[in-house]
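As stored in entry05.pdb (PDB, C-alpha atoms and all ligand atoms):
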ATOM      1  CA  MET A 260     -23.077  12.574   7.189
ATOM      2  CA  SER A 261     -24.658   9.317   8.327
ATOM      3  CA  ASP A 262     -23.325   5.991   7.164
ATOM      4  CA  ALA A 263     -26.725   5.180   5.697
ATOM      5  CA  SER A 264     -26.345   7.696   2.871
ATOM      6  CA  PRO A 265     -25.193   6.095  -0.377
ATOM      7  CA  LEU A 266     -21.485   6.238  -1.148
ATOM      8  CA  PHE A 267     -21.890   7.019  -4.826
ATOM      9  CA  VAL A 268     -24.886   8.385  -6.730
ATOM     10  CA  ILE A 269     -25.333   9.314 -10.384
ATOM     11  CA  GLU A 270     -28.432  11.427 -11.031
ATOM     12  CA  ASN A 271     -29.786  12.004 -14.516
ATOM     13  CA  LEU A 272     -26.342  12.259 -16.085
ATOM     14  CA  HIS A 273     -26.218  13.587 -19.635
ATOM     15  CA  ALA A 274     -22.722  13.735 -21.075
ATOM     16  CA  GLY A 275     -20.854  13.408 -24.352
ATOM     17  CA  ILE A 276     -18.132  14.659 -26.618
ATOM     18  CA  GLU A 277     -18.007  17.786 -28.763
ATOM     19  CA  GLY A 278     -21.674  18.563 -28.268
ATOM     20  CA  GLN A 279     -22.709  15.038 -29.165
ATOM     21  CA  GLU A 280     -24.750  13.516 -26.356
ATOM     22  CA  ILE A 281     -23.723   9.924 -25.541
ATOM     23  CA  LEU A 282     -25.103   9.450 -22.039
ATOM     24  CA  ARG A 283     -28.767  10.275 -22.067
ATOM     25  CA  GLY A 284     -29.925  10.272 -18.471
ATOM     26  CA  VAL A 285     -28.021   7.752 -16.351
ATOM     27  CA  ASN A 286     -29.162   7.017 -12.792
ATOM     28  CA  LEU A 287     -27.202   4.730 -10.485
ATOM     29  CA  THR A 288     -26.860   4.375  -6.721
ATOM     30  CA  ILE A 289     -24.058   2.357  -5.140
ATOM     31  CA  ASN A 290     -23.712   1.714  -1.406
ATOM     32  CA  ARG A 291     -20.646   0.759   0.576
ATOM     33  CA  GLY A 292     -19.964  -2.959   0.494
ATOM     34  CA  GLU A 293     -21.556  -3.392  -2.947
ATOM     35  CA  ILE A 294     -20.060  -4.595  -6.217
ATOM     36  CA  HIS A 295     -21.990  -3.520  -9.302
ATOM     37  CA  ALA A 296     -21.350  -4.777 -12.822
ATOM     38  CA  LEU A 297     -22.101  -2.626 -15.863
ATOM     39  CA  MET A 298     -22.593  -4.498 -19.128
ATOM     40  CA  GLY A 299     -23.892  -3.541 -22.553
ATOM     41  CA  PRO A 300     -23.026  -3.701 -26.249
ATOM     42  CA  ASN A 301     -20.043  -1.939 -27.852
ATOM     43  CA  GLY A 302     -20.579   1.784 -28.140
ATOM     44  CA  SER A 303     -23.424   1.942 -25.616
ATOM     45  CA  GLY A 304     -21.598   4.498 -23.441
ATOM     46  CA  LYS A 305     -19.976   2.471 -20.637
ATOM     47  CA  SER A 306     -16.483   3.943 -21.003
ATOM     48  CA  THR A 307     -18.001   7.386 -21.525
ATOM     49  CA  LEU A 308     -19.626   6.993 -18.125
ATOM     50  CA  ALA A 309     -16.282   6.068 -16.551
ATOM     51  CA  TYR A 310     -14.508   9.021 -18.200
ATOM     52  CA  ALA A 311     -17.240  11.517 -17.323
ATOM     53  CA  VAL A 312     -17.152  10.381 -13.686
ATOM     54  CA  ALA A 313     -13.351  10.599 -13.669
ATOM     55  CA  GLY A 314     -13.397  14.123 -15.086
ATOM     56  CA  HIS A 315     -11.562  13.422 -18.338
ATOM     57  CA  PRO A 316     -11.169  16.795 -20.086
ATOM     58  CA  ASN A 317     -12.535  15.579 -23.451
ATOM     59  CA  TYR A 318     -15.899  14.705 -21.944
ATOM     60  CA  GLU A 319     -18.615  17.288 -21.400
ATOM     61  CA  VAL A 320     -21.382  17.032 -18.848
ATOM     62  CA  TYR A 321     -24.636  18.632 -19.989
ATOM     63  CA  GLU A 322     -26.915  17.807 -17.094
ATOM     64  CA  GLY A 323     -27.100  15.869 -13.850
ATOM     65  CA  ARG A 324     -25.018  15.245 -10.742
ATOM     66  CA  VAL A 325     -22.453  12.717  -9.566
ATOM     67  CA  LEU A 326     -22.251  12.540  -5.775
ATOM     68  CA  PHE A 327     -19.434  10.802  -3.940
ATOM     69  CA  LYS A 328     -19.710  10.875  -0.150
ATOM     70  CA  GLY A 329     -22.370  13.542  -0.628
ATOM     71  CA  GLU A 330     -20.158  15.880  -2.660
ATOM     72  CA  ASN A 331     -20.766  16.747  -6.307
ATOM     73  CA  VAL A 332     -17.565  15.530  -7.926
ATOM     74  CA  LEU A 333     -18.419  17.153 -11.264
ATOM     75  CA  GLU A 334     -17.244  20.416  -9.730
ATOM     76  CA  MET A 335     -13.838  18.936  -8.861
ATOM     77  CA  GLY A 336     -10.685  18.304 -10.862
ATOM     78  CA  PRO A 337      -9.686  14.686 -11.563
ATOM     79  CA  ASP A 338      -6.937  14.830  -8.895
ATOM     80  CA  GLU A 339      -9.374  16.065  -6.252
ATOM     81  CA  ARG A 340     -11.684  13.169  -7.077
ATOM     82  CA  ALA A 341      -8.810  10.763  -6.539
ATOM     83  CA  GLN A 342      -7.825  12.442  -3.293
ATOM     84  CA  LEU A 343     -11.388  12.120  -2.052
ATOM     85  CA  GLY A 344     -11.057   8.342  -2.509
ATOM     86  CA  MET A 345     -12.189   7.528  -6.047
ATOM     87  CA  PHE A 346     -10.153   5.286  -8.337
ATOM     88  CA  LEU A 347     -10.718   4.914 -12.049
ATOM     89  CA  ALA A 348      -8.940   2.289 -14.122
ATOM     90  CA  PHE A 349      -9.222   2.805 -17.828
ATOM     91  CA  GLN A 350      -9.816   0.562 -20.768
ATOM     92  CA  TYR A 351      -6.766   2.028 -22.512
ATOM     93  CA  PRO A 352      -4.223   3.048 -19.875
ATOM     94  CA  THR A 353      -1.595   5.528 -21.018
ATOM     95  CA  ALA A 354       2.147   5.110 -20.831
ATOM     96  CA  ILE A 355       4.275   7.660 -18.972
ATOM     97  CA  PRO A 356       7.814   7.380 -20.356
ATOM     98  CA  GLY A 357      10.592   8.213 -17.914
ATOM     99  CA  VAL A 358       8.505   7.591 -14.797
ATOM    100  CA  THR A 359       9.040   4.260 -13.095
ATOM    101  CA  MET A 360       6.176   2.313 -11.671
ATOM    102  CA  ALA A 361       7.590   2.667  -8.150
ATOM    103  CA  ASN A 362       8.059   6.435  -8.414
ATOM    104  CA  PHE A 363       4.640   6.914  -9.873
ATOM    105  CA  LEU A 364       3.050   4.841  -7.121
ATOM    106  CA  ARG A 365       4.983   6.610  -4.375
ATOM    107  CA  LEU A 366       3.831  10.027  -5.596
ATOM    108  CA  ALA A 367       0.255   8.840  -6.011
ATOM    109  CA  VAL A 368       0.078   7.114  -2.632
ATOM    110  CA  ASN A 369       1.611  10.024  -0.757
ATOM    111  CA  SER A 370      -0.588  12.598  -2.464
ATOM    112  CA  VAL A 371      -3.720  10.639  -1.568
ATOM    113  CA  ARG A 372      -2.489   9.997   2.003
ATOM    114  CA  GLN A 373      -1.831  13.661   2.472
ATOM    115  CA  ALA A 374      -5.208  14.745   1.141
ATOM    116  CA  ARG A 375      -7.140  12.104   3.070
ATOM    117  CA  GLY A 376      -5.159  12.518   6.261
ATOM    118  CA  ASN A 377      -4.194   8.821   6.362
ATOM    119  CA  GLY A 378      -1.487   8.248   8.973
ATOM    120  CA  GLU A 379      -1.945  11.921   9.923
ATOM    121  CA  GLY A 380      -1.302  12.788   6.293
ATOM    122  CA  LYS A 381       2.417  12.061   6.579
ATOM    123  CA  PRO A 382       4.123  10.625   3.495
ATOM    124  CA  LEU A 383       5.332   7.040   3.794
ATOM    125  CA  THR A 384       9.047   6.720   4.482
ATOM    126  CA  PRO A 385      10.950   5.061   1.612
ATOM    127  CA  ARG A 386      11.197   1.948   3.746
ATOM    128  CA  GLU A 387       7.450   1.861   4.555
ATOM    129  CA  PHE A 388       6.685   2.467   0.916
ATOM    130  CA  ARG A 389       8.902  -0.394  -0.263
ATOM    131  CA  ARG A 390       7.357  -2.763   2.252
ATOM    132  CA  LEU A 391       3.809  -1.832   1.171
ATOM    133  CA  LEU A 392       4.726  -2.145  -2.517
ATOM    134  CA  ARG A 393       6.340  -5.546  -1.992
ATOM    135  CA  GLU A 394       3.314  -6.799  -0.028
ATOM    136  CA  LYS A 395       0.844  -5.709  -2.738
ATOM    137  CA  MET A 396       3.005  -7.046  -5.575
ATOM    138  CA  GLU A 397       3.154 -10.427  -3.871
ATOM    139  CA  LEU A 398      -0.594 -10.359  -3.415
ATOM    140  CA  LEU A 399      -1.088  -9.790  -7.144
ATOM    141  CA  ARG A 400       1.807 -12.044  -8.132
ATOM    142  CA  ILE A 401       3.555  -9.275  -9.996
ATOM    143  CA  ASP A 402       7.233  -9.747 -10.663
ATOM    144  CA  GLU A 403       9.502  -7.463  -8.618
ATOM    145  CA  SER A 404      11.205  -6.164 -11.753
ATOM    146  CA  PHE A 405       7.993  -4.272 -12.574
ATOM    147  CA  ALA A 406       8.700  -1.681  -9.912
ATOM    148  CA  SER A 407      11.694  -0.313 -11.785
ATOM    149  CA  ARG A 408      10.098  -0.326 -15.225
ATOM    150  CA  TYR A 409       8.636   2.782 -16.823
ATOM    151  CA  LEU A 410       4.928   3.075 -16.301
ATOM    152  CA  ASN A 411       3.024   1.097 -18.920
ATOM    153  CA  GLU A 412       5.836   1.473 -21.459
ATOM    154  CA  GLY A 413       6.160  -1.786 -23.331
ATOM    155  CA  PHE A 414       3.805  -3.498 -20.896
ATOM    156  CA  SER A 415       1.789  -6.256 -22.480
ATOM    157  CA  GLY A 416      -1.999  -5.907 -22.389
ATOM    158  CA  GLY A 417      -2.265  -8.173 -19.383
ATOM    159  CA  GLU A 418       0.638  -6.497 -17.590
ATOM    160  CA  LYS A 419      -1.059  -3.098 -17.931
ATOM    161  CA  LYS A 420      -4.186  -4.506 -16.334
ATOM    162  CA  ARG A 421      -2.189  -5.918 -13.435
ATOM    163  CA  ALA A 422      -0.392  -2.606 -13.047
ATOM    164  CA  GLU A 423      -3.781  -0.924 -12.739
ATOM    165  CA  ILE A 424      -4.905  -3.283 -10.024
ATOM    166  CA  LEU A 425      -1.591  -2.730  -8.256
ATOM    167  CA  GLN A 426      -2.339   1.000  -8.282
ATOM    168  CA  MET A 427      -5.721   0.313  -6.797
ATOM    169  CA  ALA A 428      -4.222  -1.937  -4.116
ATOM    170  CA  MET A 429      -1.715   0.764  -3.173
ATOM    171  CA  LEU A 430      -4.233   3.630  -3.115
ATOM    172  CA  GLU A 431      -6.930   1.799  -1.117
ATOM    173  CA  PRO A 432      -9.794   3.802  -2.630
ATOM    174  CA  GLU A 433     -13.344   3.850  -1.264
ATOM    175  CA  PHE A 434     -14.867   3.655  -4.703
ATOM    176  CA  ALA A 435     -13.336   2.136  -7.828
ATOM    177  CA  ILE A 436     -14.492   1.913 -11.434
ATOM    178  CA  LEU A 437     -12.682  -0.777 -13.416
ATOM    179  CA  ASP A 438     -13.266  -0.557 -17.171
ATOM    180  CA  GLU A 439     -12.708  -3.941 -18.838
ATOM    181  CA  THR A 440     -10.012  -5.029 -16.459
ATOM    182  CA  ASP A 441     -10.610  -8.546 -17.751
ATOM    183  CA  SER A 442      -9.950  -7.832 -21.421
ATOM    184  CA  GLY A 443      -6.645  -9.184 -22.607
ATOM    185  CA  LEU A 444      -5.960 -11.259 -19.506
ATOM    186  CA  ASP A 445      -5.034 -14.886 -19.947
ATOM    187  CA  ILE A 446      -6.923 -17.420 -17.857
ATOM    188  CA  ASP A 447      -4.367 -17.544 -15.038
ATOM    189  CA  ALA A 448      -3.980 -13.765 -14.949
ATOM    190  CA  LEU A 449      -7.754 -13.355 -14.827
ATOM    191  CA  ARG A 450      -7.837 -15.545 -11.748
ATOM    192  CA  THR A 451      -4.880 -13.800 -10.080
ATOM    193  CA  VAL A 452      -6.247 -10.332 -10.776
ATOM    194  CA  SER A 453      -9.724 -11.333  -9.593
ATOM    195  CA  GLU A 454      -8.336 -12.833  -6.390
ATOM    196  CA  GLY A 455      -6.351  -9.642  -5.906
ATOM    197  CA  VAL A 456      -9.464  -7.497  -6.379
ATOM    198  CA  ASN A 457     -11.408  -9.685  -3.956
ATOM    199  CA  SER A 458      -8.702  -9.440  -1.334
ATOM    200  CA  ILE A 459      -8.544  -5.643  -1.691
ATOM    201  CA  PHE A 460     -12.300  -5.280  -1.412
ATOM    202  CA  THR A 461     -13.658  -4.337   2.020
ATOM    203  CA  PRO A 462     -17.235  -3.680   3.231
ATOM    204  CA  ASN A 463     -16.242  -0.054   3.547
ATOM    205  CA  MET A 464     -15.715   0.352  -0.186
ATOM    206  CA  ALA A 465     -17.680  -0.167  -3.388
ATOM    207  CA  MET A 466     -16.853  -1.027  -6.957
ATOM    208  CA  LEU A 467     -18.300  -0.676 -10.452
ATOM    209  CA  LEU A 468     -16.972  -3.292 -12.877
ATOM    210  CA  ILE A 469     -17.461  -2.640 -16.568
ATOM    211  CA  THR A 470     -17.241  -5.921 -18.436
ATOM    212  CA  HIS A 471     -18.464  -7.835 -21.460
ATOM    213  CA  TYR A 472     -18.127 -11.248 -19.960
ATOM    214  CA  GLN A 473     -19.873 -13.336 -17.378
ATOM    215  CA  ARG A 474     -16.487 -15.049 -16.904
ATOM    216  CA  LEU A 475     -15.082 -12.222 -14.741
ATOM    217  CA  LEU A 476     -18.240 -12.255 -12.663
ATOM    218  CA  ASN A 477     -17.640 -15.898 -11.795
ATOM    219  CA  TYR A 478     -14.552 -14.728  -9.925
ATOM    220  CA  ILE A 479     -15.705 -11.340  -8.652
ATOM    221  CA  LYS A 480     -19.315 -11.798  -7.577
ATOM    222  CA  PRO A 481     -21.425  -8.713  -8.212
ATOM    223  CA  HIS A 482     -24.409  -7.855  -6.024
ATOM    224  CA  PHE A 483     -26.080  -5.987  -8.879
ATOM    225  CA  VAL A 484     -25.824  -6.103 -12.666
ATOM    226  CA  HIS A 485     -26.886  -3.225 -14.937
ATOM    227  CA  VAL A 486     -27.224  -3.080 -18.698
ATOM    228  CA  MET A 487     -26.479   0.058 -20.655
ATOM    229  CA  LEU A 488     -28.050   0.609 -24.063
ATOM    230  CA  ASP A 489     -27.813   3.804 -26.080
ATOM    231  CA  GLY A 490     -26.552   5.836 -23.140
ATOM    232  CA  ARG A 491     -29.092   4.704 -20.576
ATOM    233  CA  ILE A 492     -29.318   1.939 -18.005
ATOM    234  CA  VAL A 493     -32.266  -0.058 -19.314
ATOM    235  CA  GLU A 494     -32.204  -3.081 -17.018
ATOM    236  CA  SER A 495     -30.904  -3.881 -13.534
ATOM    237  CA  GLY A 496     -30.908  -7.122 -11.618
ATOM    238  CA  GLY A 497     -28.841  -9.563  -9.618
ATOM    239  CA  PRO A 498     -26.009 -11.800 -10.857
ATOM    240  CA  GLU A 499     -28.556 -13.926 -12.719
ATOM    241  CA  LEU A 500     -29.000 -11.055 -15.196
ATOM    242  CA  ALA A 501     -25.399 -11.517 -16.375
ATOM    243  CA  GLU A 502     -26.078 -15.203 -16.958
ATOM    244  CA  GLU A 503     -29.221 -14.373 -18.883
ATOM    245  CA  LEU A 504     -27.267 -11.956 -21.103
ATOM    246  CA  GLU A 505     -24.664 -14.644 -21.753
ATOM    247  CA  GLN A 506     -27.478 -16.920 -22.967
ATOM    248  CA  ARG A 507     -29.665 -14.452 -24.797
ATOM    249  CA  GLY A 508     -27.461 -11.519 -25.852
ATOM    250  CA  TYR A 509     -28.815  -7.976 -25.877
ATOM    251  CA  ASP A 510     -31.457  -8.052 -28.623
ATOM    252  CA  TRP A 511     -34.361  -8.805 -26.296
ATOM    253  CA  LEU A 512     -33.465  -5.742 -24.218
ATOM    254  CA  LYS A 513     -33.165  -3.600 -27.338
ATOM    255  CA  GLU A 514     -36.676  -4.610 -28.327
ATOM    256  CA  GLU A 515     -38.076  -4.041 -24.841
ATOM    257  CA  SER A 516     -36.449  -0.654 -24.414
ATOM    258  CA  GLY A 517     -37.330   0.460 -27.939
ATOM    259  CA  ALA A 518     -33.711   1.428 -28.525
ATOM    260  CA  VAL A 519     -32.738   1.911 -32.138
ATOM    261  CA  GLY A 520     -29.493   1.017 -33.837
ATOM    262  CA  SER A 521     -26.241   0.640 -31.816
TER     263      SER A 521
HETATM  264  N1  LIG B 601     -13.597  10.817 -28.797
HETATM  265  C1  LIG B 601     -14.757  10.478 -29.355
HETATM  266  N2  LIG B 601     -15.217  11.136 -30.455
HETATM  267  C2  LIG B 601     -16.380  10.791 -31.018
HETATM  268  N3  LIG B 601     -17.198   9.817 -30.579
HETATM  269  C3  LIG B 601     -16.808   9.155 -29.489
HETATM  270  C4  LIG B 601     -15.583   9.437 -28.819
HETATM  271  N4  LIG B 601     -15.472   8.617 -27.767
HETATM  272  C5  LIG B 601     -16.564   7.840 -27.780
HETATM  273  N5  LIG B 601     -17.361   8.165 -28.812
HETATM  274  C6  LIG B 601     -18.608   7.492 -29.194
HETATM  275  O1  LIG B 601     -19.418   7.366 -28.050
HETATM  276  C7  LIG B 601     -20.139   6.140 -28.086
HETATM  277  C8  LIG B 601     -19.951   5.414 -26.771
HETATM  278  O2  LIG B 601     -18.597   5.009 -26.662
HETATM  279  P1  LIG B 601     -18.052   4.243 -25.370
HETATM  280  O3  LIG B 601     -16.588   4.120 -25.529
HETATM  281  O4  LIG B 601     -18.561   4.929 -24.148
HETATM  282  O5  LIG B 601     -18.754   2.830 -25.505
HETATM  283  P2  LIG B 601     -18.561   1.481 -24.637
HETATM  284  O6  LIG B 601     -19.918   1.124 -24.156
HETATM  285  O7  LIG B 601     -17.487   1.674 -23.651
HETATM  286  O8  LIG B 601     -18.124   0.446 -25.752
HETATM  287  P3  LIG B 601     -17.106  -0.818 -25.678
HETATM  288  O9  LIG B 601     -17.913  -1.923 -25.105
HETATM  289  O10 LIG B 601     -16.777  -1.067 -27.107
HETATM  290  O11 LIG B 601     -15.934  -0.435 -24.846
HETATM  291  C9  LIG B 601     -19.622   5.379 -29.302
HETATM  292  O12 LIG B 601     -20.548   5.522 -30.351
HETATM  293  C10 LIG B 601     -18.324   6.068 -29.630
HETATM  294  O13 LIG B 601     -18.020   6.017 -30.996
HETATM  295 MG    MG B 602     -15.651   0.831 -23.360
END

Represent the structure of the file as structure tokens.
Amino acid sequence: MSDASPLFVIENLHAGIEGQEILRGVNLTINRGEIHALMGPNGSGKSTLAYAVAGHPNYEVYEGRVLFKGENVLEMGPDERAQLGMFLAFQYPTAIPGVTMANFLRLAVNSVRQARGNGEGKPLTPREFRRLLREKMELLRIDESFASRYLNEGFSGGEKKRAEILQMAMLEPEFAILDETDSGLDIDALRTVSEGVNSIFTPNMAMLLITHYQRLLNYIKPHFVHVMLDGRIVESGGPELAEELEQRGYDWLKEESGAVGS
């Protein structure tokens, strides 16, 4: 496939839970090198989009396609999507008792390396792994003691978010969706995490940031901003759209799009 084809495409996606349609025809194209922000009021379907794309078992897809590197990921299991180079960080990350951060990361990194043929698909040696982990933890200013803690167990809100970004830094995905990575971060952590995300980002990858606040977008500059209302993207623009939303809220878009309720 040529490099000119988009990295990630959502076509007319209809999805929901238990027969209840939440996404009602979402279209989105993201190219390599682009950062897109997805905003919108509570309950508009942003997290549903992230879960449907990730292949969460509770979410049903009724119609449409999601193409990553030209392949329809809706036909793949969540692990295959990750192995193909997608990374999804969730609004409410789960704890895995008994599994340390370092062990979890080593398994995840080696599984992705193997599937993607990185370094000829060979697993990292324990020494290589430790060096990589230390480098990324320094980058994100995460305390070394984190590596031996159980994944997300007893992590504070902000620590969970940092742990997510650490996962992303270790996995080096080509496409990442971050759902409210900024929520619960204190001002310093927001800056550290944003700097970390910026330093991980390369022109060969792309990112979709789901956020409520312009604040994050001051640190991580999006090329495009989209607004979701009632399960559809009703407005797209440049970074100035986020500033306009900060000033004016969502009501003007609700009126323009004829959306009811929400
Ligand atoms: N498990 C579920 N069962 C029933 N309804 C659900 C479930 N999960 C989500 N919904 C509904 O789907 C709609 C969209 O939810 P979603 O979490 O995608 O919104 P969001 O845009 O991410 O909101 P927020 O900004 O608050 O995170 C909401 O009305 C929500 O109540
Ligand atoms: Mg959400």

Item to check | Given 6 Å and only C-alpha atoms and all ligand atoms, residues near ligand LIG 601 (chain B) as a PyMOL selection string | outcome: chain A and resi 276+281+300-307

Checklist entry - Looking at only C-alpha atoms, which of A:Ala422, A:Ala361, A:Leu475, A:Leu512 is the one that sits closest to A:Ser442? => result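 Result for the nearest residue to A:Ser442: A:Leu475.
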
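Distance annotation: of A:Asp438, A:Asp445, A:Glu499, A:Glu505, the residue with the minimal separation from ligand MG 602 (chain B) is A:Asp438; atom set is all atoms listed in the file.
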
Checklist entry - Applied to the shown file, which residues does the PyMOL selection byres (((chain A and resi 401) around 10) and not hetatm) return, written as a ChimeraX atom specification? => result /A:393,395-400,402-406,418,421-422,425,451-452

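Between atom CA of A:His295 and atom CA of A:Gln426 there is a distance of 20.2 Å.
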
Checklist entry - What lies within 12 Å of A:Val371 using only C-alpha atoms, ignoring chain neighbours under 5 positions off, as a list in words? => result Asp338, Glu339, Arg340, Ala341, Gln342, Leu343, Gly344, Met345, Phe346, Leu364, Arg365, Leu366, Gly376, Asn377, Gly378, Glu379, Gly380, Lys381, Pro382, Leu383, Gln426, Met427, Met429, Leu430, Glu431, Pro432 and Glu433 of chain A

Write out, as a PDB file, in the coordinates of the input, the residues just selected, with C-alpha atoms.
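Output saved as out35.pdb:
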ATOM      1  CA  ASP A 338      -6.937  14.830  -8.895  1.00  0.00           C
ATOM      2  CA  GLU A 339      -9.374  16.065  -6.252  1.00  0.00           C
ATOM      3  CA  ARG A 340     -11.684  13.169  -7.077  1.00  0.00           C
ATOM      4  CA  ALA A 341      -8.810  10.763  -6.539  1.00  0.00           C
ATOM      5  CA  GLN A 342      -7.825  12.442  -3.293  1.00  0.00           C
ATOM      6  CA  LEU A 343     -11.388  12.120  -2.052  1.00  0.00           C
ATOM      7  CA  GLY A 344     -11.057   8.342  -2.509  1.00  0.00           C
ATOM      8  CA  MET A 345     -12.189   7.528  -6.047  1.00  0.00           C
ATOM      9  CA  PHE A 346     -10.153   5.286  -8.337  1.00  0.00           C
ATOM     10  CA  LEU A 364       3.050   4.841  -7.121  1.00  0.00           C
ATOM     11  CA  ARG A 365       4.983   6.610  -4.375  1.00  0.00           C
ATOM     12  CA  LEU A 366       3.831  10.027  -5.596  1.00  0.00           C
ATOM     13  CA  GLY A 376      -5.159  12.518   6.261  1.00  0.00           C
ATOM     14  CA  ASN A 377      -4.194   8.821   6.362  1.00  0.00           C
ATOM     15  CA  GLY A 378      -1.487   8.248   8.973  1.00  0.00           C
ATOM     16  CA  GLU A 379      -1.945  11.921   9.923  1.00  0.00           C
ATOM     17  CA  GLY A 380      -1.302  12.788   6.293  1.00  0.00           C
ATOM     18  CA  LYS A 381       2.417  12.061   6.579  1.00  0.00           C
ATOM     19  CA  PRO A 382       4.123  10.625   3.495  1.00  0.00           C
ATOM     20  CA  LEU A 383       5.332   7.040   3.794  1.00  0.00           C
ATOM     21  CA  GLN A 426      -2.339   1.000  -8.282  1.00  0.00           C
ATOM     22  CA  MET A 427      -5.721   0.313  -6.797  1.00  0.00           C
ATOM     23  CA  MET A 429      -1.715   0.764  -3.173  1.00  0.00           C
ATOM     24  CA  LEU A 430      -4.233   3.630  -3.115  1.00  0.00           C
ATOM     25  CA  GLU A 431      -6.930   1.799  -1.117  1.00  0.00           C
ATOM     26  CA  PRO A 432      -9.794   3.802  -2.630  1.00  0.00           C
ATOM     27  CA  GLU A 433     -13.344   3.850  -1.264  1.00  0.00           C
TER      28      GLU A 433
END

Checklist entry - So, counting only C-alpha atoms and all ligand atoms, which residue among A:Pro481, A:Gly284, A:Pro265, A:Gly490 is closest to ligand MG 602 (chain B)? => result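 Of the candidates, the smallest distance to ligand MG 602 (chain B) is held by A:Gly490.
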
Next on the checklist: Assuming the chain letters and numbering stay as they are in my file, what does the PyMOL selection byres (((chain A and resi 308) around 12) and not hetatm) actually select? List them as a VMD selection string.
Outcome noted: chain A and resid 269 271 to 276 280 to 287 297 to 298 302 to 307 309 to 315 318 to 320 325 347 349 436 to 438 467 to 469 487 489 to 492

Next on the checklist: To one decimal place in Å, what is the distance between atom CA of A:Ala448 and atom CA of A:Ser407?
Outcome noted: 20.9 Å

Box for stretch 316-320 of chain A - axis-aligned, 8 Å on each of the six sides, all listed atoms - centre and size in Å to one decimal, as AutoDock Vina command-line options.
--center_x -16.3 --center_y 16.0 --center_z -21.1 --size_x 26.2 --size_y 18.6 --size_z 20.6

Next on the checklist: Which residues, named as in the file, does the PyMOL selection byres (((chain A and resi 289-292) around 7) and not hetatm) pick out? Answer as number ranges by chain.
Outcome noted: A: 265-268, 287-288, 293-294, 461-465

For the residues in that selection, give me C-alpha atoms as a compact mmCIF listing (two decimals), in the frame of the given file.
# COMPACT_ATOMS: atom_id res chain seq x y z
CA PRO A 265 -25.19 6.10 -0.38
CA LEU A 266 -21.48 6.24 -1.15
CA PHE A 267 -21.89 7.02 -4.83
CA VAL A 268 -24.89 8.38 -6.73
CA LEU A 287 -27.20 4.73 -10.48
CA THR A 288 -26.86 4.38 -6.72
CA GLU A 293 -21.56 -3.39 -2.95
CA ILE A 294 -20.06 -4.60 -6.22
CA THR A 461 -13.66 -4.34 2.02
CA PRO A 462 -17.24 -3.68 3.23
CA ASN A 463 -16.24 -0.05 3.55
CA MET A 464 -15.72 0.35 -0.19
CA ALA A 465 -17.68 -0.17 -3.39
